[in-house]
Amino acid sequence: MRILVTNDDGAGAHGLSVLHQIAKALSDDVWIVAPEMNQSGASHALTLQVPLRYREIGERAFAVRGTPADCVIMGIKQVLKDKAPDLVLSGVNHGSNLAEDVTYSGTIAGAMEGTLLGVRSIAMSLTIGFDPDGKQHWKTPLEHGPHLVEQLLASEWPAMTLMNINYPDLAPGDVKGVQATRQGRRDQGGLHIQERADTWGDPYFWVGFERRRSDPPAGTDLRAIADGFISVTPLHLNLTHETTRAGLEGVLSLEGAKRLKDAG
Ligand code: MN
């Protein structure tokens with residue numbers, strides 16, 4: 001099995017080496033194509049206005065001056081053009097990707113791009129910041145990741161669907177279990193703007209996210225992580241809202257425009 005590993009935190013990120021180890025536990029044919037710079041929050045962006053450049057940073061490892069989506073495209077269409085990967089792994093992200101995070105996340109986008117190119121893809125993220133001693137539990141994805149990937153690969157997996165795995169902020173042995181979840185919705189105003197002053201006294205702004213415990217509904221990715229479980233959410237790339245679309249069938253027509261024109 002050929003595995004392509006990417007992330008959004010950048011080629012030097014610790015989480016990438018953790019994911020590399022997870023991949024190596026599953027196969028000897030593992031390739032890294034990851035961004036030069038931290039691309040967190042880059043979502044599914046493509047670099048189209050400047051050329052893409054990549055360089056070898058190790059054995060079967062490359063860094064691309066671009067986004068996670070660029071990396072997966074370069075990985076599949078350039079680096080591995082002789083034989084496509086069977087699996088794309090993206091992460092392990094420094095911080096969870098839950099609820100609407102998935103629409104901002106470069107980690108998720110790496111898996112989205114793999115999925116669009118016809119390769120089964122899994123995003124992995126580690127919750128960080130809730131351990132009372134400030135520990136980061138990278139051993140948790142390392143210990144539980146390979147087995148979860150095996151289970152997912154053996155499961156029914158429709159086209160246009162990717163898997164979003166989040167690990168709780170707990171040591172491997174303290175994890176309560178694993179749950180198949182749905183994308184939740186944050187019940188808090190997480191997004192905020194910080195205003196600061198530069199050297200000249202002019203204001204500049206920094207977007208930040210507040211991360212605190214909340215009380216999310218059962219069955220969601222947020223709830224699973226809050227309860228100490230690993231969360232696995234299948235995400236679908238077709239964003240159509242079907243009931244709204246069906247409702248629009250009786251609403252939309254060009255007749256109104258014709259009436260307005262006749263009246264004018
Ligand atoms: Mn990130």
# chains A, B, ... in the order shown; residues from 1 in each chain; ligands from 1

call {"tool": "closest_atom_pairs", "arguments": {"of": "range 68-182 of chain A", "to": "range 238-256 of chain A", "cutoff": "12 Å", "atoms": "only C-alpha atoms", "output": "CSV"}}
result
residue,atom,partner,partner_atom,distance
A:Thr103,CA,A:Leu239,CA,11.1
A:Met112,CA,A:Asn238,CA,10.9
A:Thr115,CA,A:Asn238,CA,11.5
A:Leu116,CA,A:Asn238,CA,10.6
A:Ala159,CA,A:Asn238,CA,10.3
A:Met160,CA,A:Asn238,CA,7.2
A:Thr161,CA,A:Asn238,CA,8.7
A:Leu162,CA,A:Asn238,CA,11.2

call {"tool": "residues_around", "arguments": {"residues": "Ala69 in chain A", "least_positions_apart": "6", "cutoff": "6 Å", "atoms": "only C-alpha atoms", "output": "PyMOL selection string"}}
result
chain A and resi 44+110+113

call {"tool": "write_last_selection", "arguments": {"atoms": "all heavy atoms", "output": "PDB file, in the first residue's frame"}}
result
ATOM      1  N   HIS A  44      -9.014  25.070   1.505  1.00  0.00           N
ATOM      2  CA  HIS A  44      -8.766  24.296   0.279  1.00  0.00           C
ATOM      3  C   HIS A  44      -8.139  25.159  -0.825  1.00  0.00           C
ATOM      4  O   HIS A  44      -8.354  24.922  -2.016  1.00  0.00           O
ATOM      5  CB  HIS A  44     -10.117  23.699  -0.181  1.00  0.00           C
ATOM      6  CG  HIS A  44      -9.972  22.509  -1.070  1.00  0.00           C
ATOM      7  ND1 HIS A  44     -11.054  21.802  -1.542  1.00  0.00           N
ATOM      8  CD2 HIS A  44      -8.884  21.908  -1.596  1.00  0.00           C
ATOM      9  CE1 HIS A  44     -10.630  20.819  -2.311  1.00  0.00           C
ATOM     10  NE2 HIS A  44      -9.317  20.854  -2.365  1.00  0.00           N
ATOM     11  N   GLY A 110      -6.328  18.915   2.851  1.00  0.00           N
ATOM     12  CA  GLY A 110      -5.411  17.933   2.294  1.00  0.00           C
ATOM     13  C   GLY A 110      -6.145  16.637   1.984  1.00  0.00           C
ATOM     14  O   GLY A 110      -5.966  16.032   0.917  1.00  0.00           O
ATOM     15  N   GLU A 113      -8.585  17.147  -1.014  1.00  0.00           N
ATOM     16  CA  GLU A 113      -7.937  17.096  -2.325  1.00  0.00           C
ATOM     17  C   GLU A 113      -7.640  15.654  -2.720  1.00  0.00           C
ATOM     18  O   GLU A 113      -7.859  15.265  -3.876  1.00  0.00           O
ATOM     19  CB  GLU A 113      -6.659  17.937  -2.324  1.00  0.00           C
ATOM     20  CG  GLU A 113      -6.102  18.186  -3.705  1.00  0.00           C
ATOM     21  CD  GLU A 113      -7.126  18.800  -4.657  1.00  0.00           C
ATOM     22  OE1 GLU A 113      -7.847  19.725  -4.252  1.00  0.00           O
ATOM     23  OE2 GLU A 113      -7.216  18.338  -5.805  1.00  0.00           O
TER      24      GLU A 113
END

call {"tool": "select_by_dssp", "arguments": {"residues": "range 55-190 of chain A", "states": "strand (DSSP E or B)", "output": "mmCIF file with N, CA, C and O atoms, in the first residue's frame"}}
result
data_model
loop_
_atom_site.group_PDB
_atom_site.id
_atom_site.type_symbol
_atom_site.label_atom_id
_atom_site.label_comp_id
_atom_site.auth_asym_id
_atom_site.auth_seq_id
_atom_site.Cartn_x
_atom_site.Cartn_y
_atom_site.Cartn_z
ATOM 1 N N ARG A 55 11.117 21.033 -3.050
ATOM 2 C CA ARG A 55 12.496 20.575 -2.856
ATOM 3 C C ARG A 55 12.476 19.320 -2.001
ATOM 4 O O ARG A 55 11.557 19.114 -1.188
ATOM 5 N N GLU A 56 13.519 18.494 -2.206
ATOM 6 C CA GLU A 56 13.636 17.260 -1.435
ATOM 7 C C GLU A 56 14.166 17.617 -0.056
ATOM 8 O O GLU A 56 15.154 18.335 0.072
ATOM 9 N N ILE A 57 13.512 17.137 0.998
ATOM 10 C CA ILE A 57 13.966 17.453 2.353
ATOM 11 C C ILE A 57 14.406 16.196 3.099
ATOM 12 O O ILE A 57 14.825 16.262 4.245
ATOM 13 N N GLY A 58 14.308 15.048 2.426
ATOM 14 C CA GLY A 58 14.728 13.792 3.047
ATOM 15 C C GLY A 58 14.376 12.663 2.100
ATOM 16 O O GLY A 58 13.906 12.901 0.979
ATOM 17 N N ALA A 61 10.714 12.453 0.898
ATOM 18 C CA ALA A 61 10.082 13.592 1.582
ATOM 19 C C ALA A 61 10.356 14.880 0.823
ATOM 20 O O ALA A 61 11.506 15.164 0.466
ATOM 21 N N PHE A 62 9.294 15.659 0.577
ATOM 22 C CA PHE A 62 9.391 16.891 -0.188
ATOM 23 C C PHE A 62 8.612 17.998 0.513
ATOM 24 O O PHE A 62 7.588 17.743 1.145
ATOM 25 N N ALA A 63 9.130 19.229 0.354
ATOM 26 C CA ALA A 63 8.409 20.403 0.856
ATOM 27 C C ALA A 63 8.001 21.251 -0.333
ATOM 28 O O ALA A 63 8.806 21.496 -1.237
ATOM 29 N N VAL A 64 6.741 21.690 -0.343
ATOM 30 C CA VAL A 64 6.189 22.510 -1.420
ATOM 31 C C VAL A 64 5.926 23.902 -0.878
ATOM 32 O O VAL A 64 5.362 24.044 0.211
ATOM 33 N N LEU A 87 -3.687 5.756 -0.375
ATOM 34 C CA LEU A 87 -4.215 6.420 0.811
ATOM 35 C C LEU A 87 -3.494 7.758 1.006
ATOM 36 O O LEU A 87 -2.279 7.832 0.832
ATOM 37 N N VAL A 88 -4.267 8.802 1.324
ATOM 38 C CA VAL A 88 -3.678 10.083 1.729
ATOM 39 C C VAL A 88 -3.972 10.274 3.214
ATOM 40 O O VAL A 88 -5.123 10.129 3.647
ATOM 41 N N LEU A 89 -2.927 10.578 3.982
ATOM 42 C CA LEU A 89 -3.107 10.916 5.399
ATOM 43 C C LEU A 89 -2.693 12.373 5.585
ATOM 44 O O LEU A 89 -1.625 12.776 5.109
ATOM 45 N N SER A 90 -3.512 13.162 6.281
ATOM 46 C CA SER A 90 -3.217 14.582 6.487
ATOM 47 C C SER A 90 -3.241 14.902 7.977
ATOM 48 O O SER A 90 -4.221 14.641 8.661
ATOM 49 N N GLY A 91 -2.133 15.459 8.476
ATOM 50 C CA GLY A 91 -2.038 15.794 9.895
ATOM 51 C C GLY A 91 -0.671 15.430 10.446
ATOM 52 O O GLY A 91 0.284 15.417 9.688
ATOM 53 N N VAL A 92 -0.519 15.002 11.693
ATOM 54 C CA VAL A 92 -1.583 15.113 12.696
ATOM 55 C C VAL A 92 -1.616 16.574 13.119
ATOM 56 O O VAL A 92 -0.587 17.092 13.572
ATOM 57 N N ASN A 93 -2.756 17.237 12.966
ATOM 58 C CA ASN A 93 -2.793 18.667 13.231
ATOM 59 C C ASN A 93 -2.576 18.987 14.706
ATOM 60 O O ASN A 93 -3.039 18.272 15.588
ATOM 61 N N HIS A 94 -1.871 20.082 14.922
ATOM 62 C CA HIS A 94 -1.663 20.640 16.263
ATOM 63 C C HIS A 94 -2.936 21.382 16.644
ATOM 64 O O HIS A 94 -3.118 22.547 16.309
ATOM 65 N N ARG A 120 -8.599 7.451 -1.286
ATOM 66 C CA ARG A 120 -9.208 7.494 0.048
ATOM 67 C C ARG A 120 -8.302 8.294 0.984
ATOM 68 O O ARG A 120 -7.082 8.103 0.985
ATOM 69 N N SER A 121 -8.901 9.181 1.751
ATOM 70 C CA SER A 121 -8.106 10.157 2.503
ATOM 71 C C SER A 121 -8.641 10.324 3.924
ATOM 72 O O SER A 121 -9.856 10.357 4.135
ATOM 73 N N ILE A 122 -7.699 10.465 4.853
ATOM 74 C CA ILE A 122 -8.048 10.592 6.269
ATOM 75 C C ILE A 122 -7.297 11.788 6.860
ATOM 76 O O ILE A 122 -6.080 11.894 6.701
ATOM 77 N N ALA A 123 -8.029 12.678 7.527
ATOM 78 C CA ALA A 123 -7.418 13.778 8.268
ATOM 79 C C ALA A 123 -7.337 13.390 9.743
ATOM 80 O O ALA A 123 -8.250 12.745 10.269
ATOM 81 N N MET A 124 -6.238 13.781 10.393
ATOM 82 C CA MET A 124 -6.081 13.499 11.826
ATOM 83 C C MET A 124 -5.669 14.767 12.562
ATOM 84 O O MET A 124 -4.798 15.504 12.084
ATOM 85 N N SER A 125 -6.278 14.983 13.717
ATOM 86 C CA SER A 125 -5.977 16.164 14.524
ATOM 87 C C SER A 125 -5.956 15.777 15.994
ATOM 88 O O SER A 125 -6.766 14.951 16.433
ATOM 89 N N LEU A 126 -5.049 16.395 16.733
ATOM 90 C CA LEU A 126 -4.939 16.136 18.167
ATOM 91 C C LEU A 126 -5.415 17.357 18.944
ATOM 92 O O LEU A 126 -4.903 18.463 18.748
ATOM 93 N N THR A 161 -16.152 11.008 -0.136
ATOM 94 C CA THR A 161 -16.237 11.038 1.324
ATOM 95 C C THR A 161 -14.841 10.894 1.924
ATOM 96 O O THR A 161 -14.071 10.039 1.498
ATOM 97 N N LEU A 162 -14.533 11.750 2.898
ATOM 98 C CA LEU A 162 -13.262 11.629 3.605
ATOM 99 C C LEU A 162 -13.532 11.411 5.087
ATOM 100 O O LEU A 162 -14.644 11.620 5.560
ATOM 101 N N MET A 163 -12.508 10.970 5.793
ATOM 102 C CA MET A 163 -12.656 10.684 7.220
ATOM 103 C C MET A 163 -11.914 11.741 8.037
ATOM 104 O O MET A 163 -10.754 12.049 7.759
ATOM 105 N N ASN A 164 -12.586 12.267 9.039
ATOM 106 C CA ASN A 164 -12.000 13.261 9.927
ATOM 107 C C ASN A 164 -11.857 12.668 11.322
ATOM 108 O O ASN A 164 -12.850 12.488 12.034
ATOM 109 N N ILE A 165 -10.612 12.343 11.697
ATOM 110 C CA ILE A 165 -10.349 11.760 13.026
ATOM 111 C C ILE A 165 -9.808 12.845 13.952
ATOM 112 O O ILE A 165 -8.868 13.560 13.608
ATOM 113 N N ASN A 166 -10.407 12.969 15.122
ATOM 114 C CA ASN A 166 -9.892 13.856 16.176
ATOM 115 C C ASN A 166 -9.597 13.025 17.418
ATOM 116 O O ASN A 166 -10.414 12.185 17.816
ATOM 117 N N TYR A 167 -8.428 13.279 18.007
ATOM 118 C CA TYR A 167 -8.035 12.596 19.237
ATOM 119 C C TYR A 167 -8.233 13.535 20.418
ATOM 120 O O TYR A 167 -7.924 14.731 20.324
ATOM 121 N N GLY A 177 -12.691 5.543 24.365
ATOM 122 C CA GLY A 177 -13.126 4.684 23.272
ATOM 123 C C GLY A 177 -13.145 5.488 21.994
ATOM 124 O O GLY A 177 -12.527 6.554 21.916
ATOM 125 N N VAL A 178 -13.837 4.956 20.979
ATOM 126 C CA VAL A 178 -13.918 5.664 19.698
ATOM 127 C C VAL A 178 -15.377 5.704 19.258
ATOM 128 O O VAL A 178 -16.116 4.740 19.449
ATOM 129 N N GLN A 179 -15.801 6.853 18.734
ATOM 130 C CA GLN A 179 -17.199 7.026 18.314
ATOM 131 C C GLN A 179 -17.274 7.530 16.879
ATOM 132 O O GLN A 179 -16.491 8.395 16.481
ATOM 133 N N ALA A 180 -18.250 7.007 16.128
ATOM 134 C CA ALA A 180 -18.591 7.554 14.813
ATOM 135 C C ALA A 180 -19.535 8.726 15.059
ATOM 136 O O ALA A 180 -20.600 8.549 15.650
ATOM 137 N N ARG A 182 -21.133 12.941 14.034
ATOM 138 C CA ARG A 182 -21.471 13.907 12.981
ATOM 139 C C ARG A 182 -20.838 15.256 13.310
ATOM 140 O O ARG A 182 -20.508 15.543 14.471
#

call {"tool": "closest_residue", "arguments": {"among": "A:Ala42, A:Val149, A:Leu26, A:Ile76", "to": "ligand 1", "atoms": "only C-alpha atoms and all ligand atoms"}}
result
A:Ala42

call {"tool": "closest_atom_pairs", "arguments": {"of": "chain A", "to": "ligand 1", "cutoff": "8 Å", "atoms": "only C-alpha atoms and all ligand atoms", "output": "CSV"}}
result
residue,atom,partner,partner_atom_place_in_ligand_line,distance
A:Asn7,CA,ligand 1,1 (Mn),7.3
A:Asp8,CA,ligand 1,1 (Mn),4.8
A:Asp9,CA,ligand 1,1 (Mn),4.3
A:Asn38,CA,ligand 1,1 (Mn),7.0
A:Gln39,CA,ligand 1,1 (Mn),6.5
A:Ser40,CA,ligand 1,1 (Mn),3.9
A:Gly41,CA,ligand 1,1 (Mn),6.9
A:Gly91,CA,ligand 1,1 (Mn),7.7
A:Asn93,CA,ligand 1,1 (Mn),5.0
A:His94,CA,ligand 1,1 (Mn),5.6
A:Gly95,CA,ligand 1,1 (Mn),7.0
A:Ser105,CA,ligand 1,1 (Mn),7.0
A:Gly106,CA,ligand 1,1 (Mn),6.5
A:Thr107,CA,ligand 1,1 (Mn),6.2

call {"tool": "write_last_selection", "arguments": {"atoms": "N, CA and C atoms", "output": "mmCIF file, in the first residue's frame"}}
result
data_model
loop_
_atom_site.group_PDB
_atom_site.id
_atom_site.type_symbol
_atom_site.label_atom_id
_atom_site.label_comp_id
_atom_site.auth_asym_id
_atom_site.auth_seq_id
_atom_site.Cartn_x
_atom_site.Cartn_y
_atom_site.Cartn_z
ATOM 1 N N ASN A 7 0.264 17.660 5.562
ATOM 2 C CA ASN A 7 -0.307 18.341 6.732
ATOM 3 C C ASN A 7 -0.517 19.808 6.392
ATOM 4 N N ASP A 8 -0.944 20.600 7.362
ATOM 5 C CA ASP A 8 -1.023 22.051 7.114
ATOM 6 C C ASP A 8 -0.130 22.843 8.065
ATOM 7 N N ASP A 9 0.466 22.169 9.061
ATOM 8 C CA ASP A 9 1.311 22.882 10.025
ATOM 9 C C ASP A 9 2.732 23.097 9.493
ATOM 10 N N ASN A 38 3.738 27.091 7.654
ATOM 11 C CA ASN A 38 2.478 26.762 8.309
ATOM 12 C C ASN A 38 1.301 27.295 7.487
ATOM 13 N N GLN A 39 0.386 26.402 7.144
ATOM 14 C CA GLN A 39 -0.761 26.756 6.307
ATOM 15 C C GLN A 39 -2.080 26.568 7.060
ATOM 16 N N SER A 40 -2.018 26.592 8.398
ATOM 17 C CA SER A 40 -3.243 26.427 9.177
ATOM 18 C C SER A 40 -4.245 27.516 8.794
ATOM 19 N N GLY A 41 -5.482 27.137 8.559
ATOM 20 C CA GLY A 41 -6.509 28.093 8.158
ATOM 21 C C GLY A 41 -6.514 28.382 6.669
ATOM 22 N N GLY A 91 -2.133 15.459 8.476
ATOM 23 C CA GLY A 91 -2.038 15.794 9.895
ATOM 24 C C GLY A 91 -0.671 15.430 10.446
ATOM 25 N N ASN A 93 -2.756 17.237 12.966
ATOM 26 C CA ASN A 93 -2.793 18.667 13.231
ATOM 27 C C ASN A 93 -2.576 18.987 14.706
ATOM 28 N N HIS A 94 -1.871 20.082 14.922
ATOM 29 C CA HIS A 94 -1.663 20.640 16.263
ATOM 30 C C HIS A 94 -2.936 21.382 16.644
ATOM 31 N N GLY A 95 -3.865 20.675 17.284
ATOM 32 C CA GLY A 95 -5.170 21.242 17.644
ATOM 33 C C GLY A 95 -6.286 20.535 16.906
ATOM 34 N N SER A 105 -10.024 24.482 7.826
ATOM 35 C CA SER A 105 -8.819 23.690 8.077
ATOM 36 C C SER A 105 -8.047 23.308 6.819
ATOM 37 N N GLY A 106 -6.744 23.562 6.830
ATOM 38 C CA GLY A 106 -5.879 23.059 5.771
ATOM 39 C C GLY A 106 -5.654 21.564 5.909
ATOM 40 N N THR A 107 -5.715 21.052 7.129
ATOM 41 C CA THR A 107 -5.564 19.610 7.363
ATOM 42 C C THR A 107 -6.691 18.843 6.671
#

call {"tool": "select_by_dssp", "arguments": {"residues": "range 149-222 of chain A", "states": "helix (DSSP H, G or I)", "output": "ChimeraX atom specification"}}
result
/A:149-153,172-174,221-222

call {"tool": "closest_residue", "arguments": {"among": "A:Ala226, A:Val33, A:Val119, A:Ile3", "to": "Pro158 in chain A", "atoms": "only C-alpha atoms"}}
result
A:Val119

call {"tool": "closest_residue", "arguments": {"among": "A:Val5, A:Leu117, A:Val30, A:Ala197", "to": "Lys77 in chain A", "atoms": "only C-alpha atoms"}}
result
A:Leu117

call {"tool": "closest_residue", "arguments": {"among": "A:Ile108, A:Val232, A:Leu80, A:Leu170", "to": "Leu4 in chain A", "atoms": "only C-alpha atoms"}}
result
A:Leu80

call {"tool": "closest_residue", "arguments": {"among": "A:Ala23, A:Leu260, A:Gly114, A:Asp215", "to": "Leu148 in chain A", "atoms": "only C-alpha atoms"}}
result
A:Ala23

call {"tool": "residues_around", "arguments": {"residues": "Met1 in chain A", "least_positions_apart": "4", "cutoff": "7 Å", "atoms": "only C-alpha atoms", "output": "ChimeraX atom specification"}}
result
/A:27,29,86

call {"tool": "atom_distance", "arguments": {"atom1": "CA of Pro217 in chain A", "atom2": "CA of Arg185 in chain A"}}
result
9.0 Å

call {"tool": "atom_distance", "arguments": {"atom1": "CA of His192 in chain A", "atom2": "CA of Gly208 in chain A"}}
result
5.4 Å

call {"tool": "residues_around", "arguments": {"residues": "Gly66 in chain A", "least_positions_apart": "4", "cutoff": "9 Å", "atoms": "only C-alpha atoms", "output": "CSV table (one decimal) with all heavy atoms, in the first residue's frame"}}
result
chain,number,residue,atom,x,y,z
A,34,ALA,N,4.7,18.0,2.0
A,34,ALA,CA,4.1,18.9,3.0
A,34,ALA,C,4.5,20.3,2.7
A,34,ALA,O,5.5,20.6,2.0
A,34,ALA,CB,4.6,18.5,4.4
A,35,PRO,N,3.7,21.3,3.2
A,35,PRO,CA,4.0,22.7,2.9
A,35,PRO,C,5.3,23.2,3.6
A,35,PRO,O,5.6,22.8,4.7
A,35,PRO,CB,2.8,23.5,3.5
A,35,PRO,CG,1.8,22.4,3.8
A,35,PRO,CD,2.5,21.1,4.0
A,36,GLU,N,6.0,24.1,2.9
A,36,GLU,CA,7.2,24.7,3.5
A,36,GLU,C,6.8,25.5,4.8
A,36,GLU,O,7.5,25.4,5.8
A,36,GLU,CB,7.8,25.7,2.6
A,36,GLU,CG,8.6,25.2,1.4
A,36,GLU,CD,10.0,24.8,1.7
A,36,GLU,OE1,10.4,25.0,2.9
A,36,GLU,OE2,10.7,24.4,0.8
A,37,MET,N,5.7,26.2,4.7
A,37,MET,CA,5.3,27.1,5.8
A,37,MET,C,4.0,26.6,6.4
A,37,MET,O,3.3,25.9,5.8
A,37,MET,CB,5.0,28.5,5.3
A,37,MET,CG,6.1,29.0,4.3
A,37,MET,SD,7.5,29.6,5.3
A,37,MET,CE,6.9,31.2,5.9
A,39,GLN,N,0.4,26.4,7.1
A,39,GLN,CA,-0.8,26.8,6.3
A,39,GLN,C,-2.1,26.6,7.1
A,39,GLN,O,-3.1,26.4,6.4
A,39,GLN,CB,-0.8,25.9,5.0
A,39,GLN,CG,0.4,26.1,4.1
A,39,GLN,CD,0.4,27.4,3.5
A,39,GLN,OE1,-0.6,27.9,3.0
A,39,GLN,NE2,1.6,28.1,3.4
A,46,LEU,N,-5.8,27.0,-3.6
A,46,LEU,CA,-4.8,26.6,-4.5
A,46,LEU,C,-3.9,27.8,-4.8
A,46,LEU,O,-4.4,28.9,-4.8
A,46,LEU,CB,-5.4,26.2,-5.9
A,46,LEU,CG,-6.2,24.9,-5.9
A,46,LEU,CD1,-6.9,24.7,-7.3
A,46,LEU,CD2,-5.4,23.7,-5.5
A,47,THR,N,-2.6,27.5,-5.1
A,47,THR,CA,-1.7,28.6,-5.5
A,47,THR,C,-1.8,28.7,-7.0
A,47,THR,O,-1.3,27.7,-7.7
A,47,THR,CB,-0.3,28.3,-5.0
A,47,THR,OG1,-0.3,28.2,-3.6
A,47,THR,CG2,0.7,29.4,-5.5
A,52,LEU,N,4.6,26.9,-8.5
A,52,LEU,CA,4.8,26.0,-7.4
A,52,LEU,C,6.3,25.5,-7.5
A,52,LEU,O,6.7,25.1,-8.6
A,52,LEU,CB,3.9,24.8,-7.5
A,52,LEU,CG,2.4,25.0,-7.0
A,52,LEU,CD1,1.7,23.7,-7.1
A,52,LEU,CD2,2.4,25.6,-5.6
A,53,ARG,N,6.9,25.5,-6.4
A,53,ARG,CA,8.3,25.0,-6.3
A,53,ARG,C,8.3,24.0,-5.2
A,53,ARG,O,7.7,24.2,-4.2
A,53,ARG,CB,9.3,26.1,-6.1
A,53,ARG,CG,9.4,27.0,-7.2
A,53,ARG,CD,10.5,28.1,-7.0
A,53,ARG,NE,10.4,29.1,-8.0
A,53,ARG,CZ,10.9,29.1,-9.2
A,53,ARG,NH1,11.6,28.0,-9.6
A,53,ARG,NH2,10.8,30.1,-10.0
A,54,TYR,N,9.1,22.9,-5.4
A,54,TYR,CA,9.3,21.9,-4.3
A,54,TYR,C,10.7,21.5,-4.2
A,54,TYR,O,11.5,21.6,-5.2
A,54,TYR,CB,8.3,20.7,-4.5
A,54,TYR,CG,8.7,19.7,-5.5
A,54,TYR,CD1,9.0,18.4,-5.2
A,54,TYR,CD2,8.6,20.1,-6.9
A,54,TYR,CE1,9.3,17.5,-6.1
A,54,TYR,CE2,8.9,19.1,-7.8
A,54,TYR,CZ,9.3,17.8,-7.5
A,54,TYR,OH,9.6,16.9,-8.4
A,70,ASP,N,-2.2,22.2,-2.7
A,70,ASP,CA,-1.1,22.1,-3.7
A,70,ASP,C,-0.2,20.9,-3.4
A,70,ASP,O,0.2,20.2,-4.4
A,70,ASP,CB,-0.2,23.4,-3.5
A,70,ASP,CG,-0.8,24.7,-3.8
A,70,ASP,OD1,-1.7,24.7,-4.7
A,70,ASP,OD2,-0.4,25.7,-3.2
A,71,CYS,N,0.1,20.6,-2.2
A,71,CYS,CA,0.9,19.5,-1.8
A,71,CYS,C,0.4,18.2,-2.3
A,71,CYS,O,1.1,17.3,-2.8
A,71,CYS,CB,1.1,19.4,-0.3
A,71,CYS,SG,2.1,20.7,0.3

call {"tool": "atom_distance", "arguments": {"atom1": "CA of Thr140 in chain A", "atom2": "CA of Pro172 in chain A"}}
result
4.4 Å

call {"tool": "closest_residue", "arguments": {"among": "A:Leu237, A:Ala13, A:Ala171, A:Leu153", "to": "Val102 in chain A", "atoms": "only C-alpha atoms"}}
result
A:Leu237

call {"tool": "decode", "arguments": {"residues": "range 54-66 of chain A", "atoms": "N, CA, C and O atoms", "output": "CSV table (one decimal), in the first residue's frame"}}
result
chain,number,residue,atom,x,y,z
A,54,TYR,N,9.1,22.9,-5.4
A,54,TYR,CA,9.3,21.9,-4.3
A,54,TYR,C,10.7,21.5,-4.2
A,54,TYR,O,11.5,21.6,-5.2
A,55,ARG,N,11.1,21.0,-3.0
A,55,ARG,CA,12.5,20.6,-2.9
A,55,ARG,C,12.5,19.3,-2.0
A,55,ARG,O,11.6,19.1,-1.2
A,56,GLU,N,13.5,18.5,-2.2
A,56,GLU,CA,13.6,17.3,-1.4
A,56,GLU,C,14.2,17.6,-0.1
A,56,GLU,O,15.2,18.3,0.1
A,57,ILE,N,13.5,17.1,1.0
A,57,ILE,CA,14.0,17.5,2.4
A,57,ILE,C,14.4,16.2,3.1
A,57,ILE,O,14.8,16.3,4.2
A,58,GLY,N,14.3,15.0,2.4
A,58,GLY,CA,14.7,13.8,3.0
A,58,GLY,C,14.4,12.7,2.1
A,58,GLY,O,13.9,12.9,1.0
A,59,GLU,N,14.6,11.4,2.6
A,59,GLU,CA,14.3,10.3,1.7
A,59,GLU,C,12.7,10.2,1.6
A,59,GLU,O,12.0,10.1,2.6
A,60,ARG,N,12.3,10.2,0.4
A,60,ARG,CA,10.8,10.2,0.1
A,60,ARG,C,10.1,11.3,0.8
A,60,ARG,O,8.9,11.1,1.2
A,61,ALA,N,10.7,12.5,0.9
A,61,ALA,CA,10.1,13.6,1.6
A,61,ALA,C,10.4,14.9,0.8
A,61,ALA,O,11.5,15.2,0.5
A,62,PHE,N,9.3,15.7,0.6
A,62,PHE,CA,9.4,16.9,-0.2
A,62,PHE,C,8.6,18.0,0.5
A,62,PHE,O,7.6,17.7,1.1
A,63,ALA,N,9.1,19.2,0.4
A,63,ALA,CA,8.4,20.4,0.9
A,63,ALA,C,8.0,21.3,-0.3
A,63,ALA,O,8.8,21.5,-1.2
A,64,VAL,N,6.7,21.7,-0.3
A,64,VAL,CA,6.2,22.5,-1.4
A,64,VAL,C,5.9,23.9,-0.9
A,64,VAL,O,5.4,24.0,0.2
A,65,ARG,N,6.3,24.9,-1.7
A,65,ARG,CA,6.0,26.3,-1.3
A,65,ARG,C,4.6,26.5,-1.7
A,65,ARG,O,4.3,27.1,-2.8
A,66,GLY,N,3.6,26.1,-0.9
A,66,GLY,CA,2.2,26.2,-1.3
A,66,GLY,C,1.3,25.7,-0.1
A,66,GLY,O,1.8,25.5,1.0
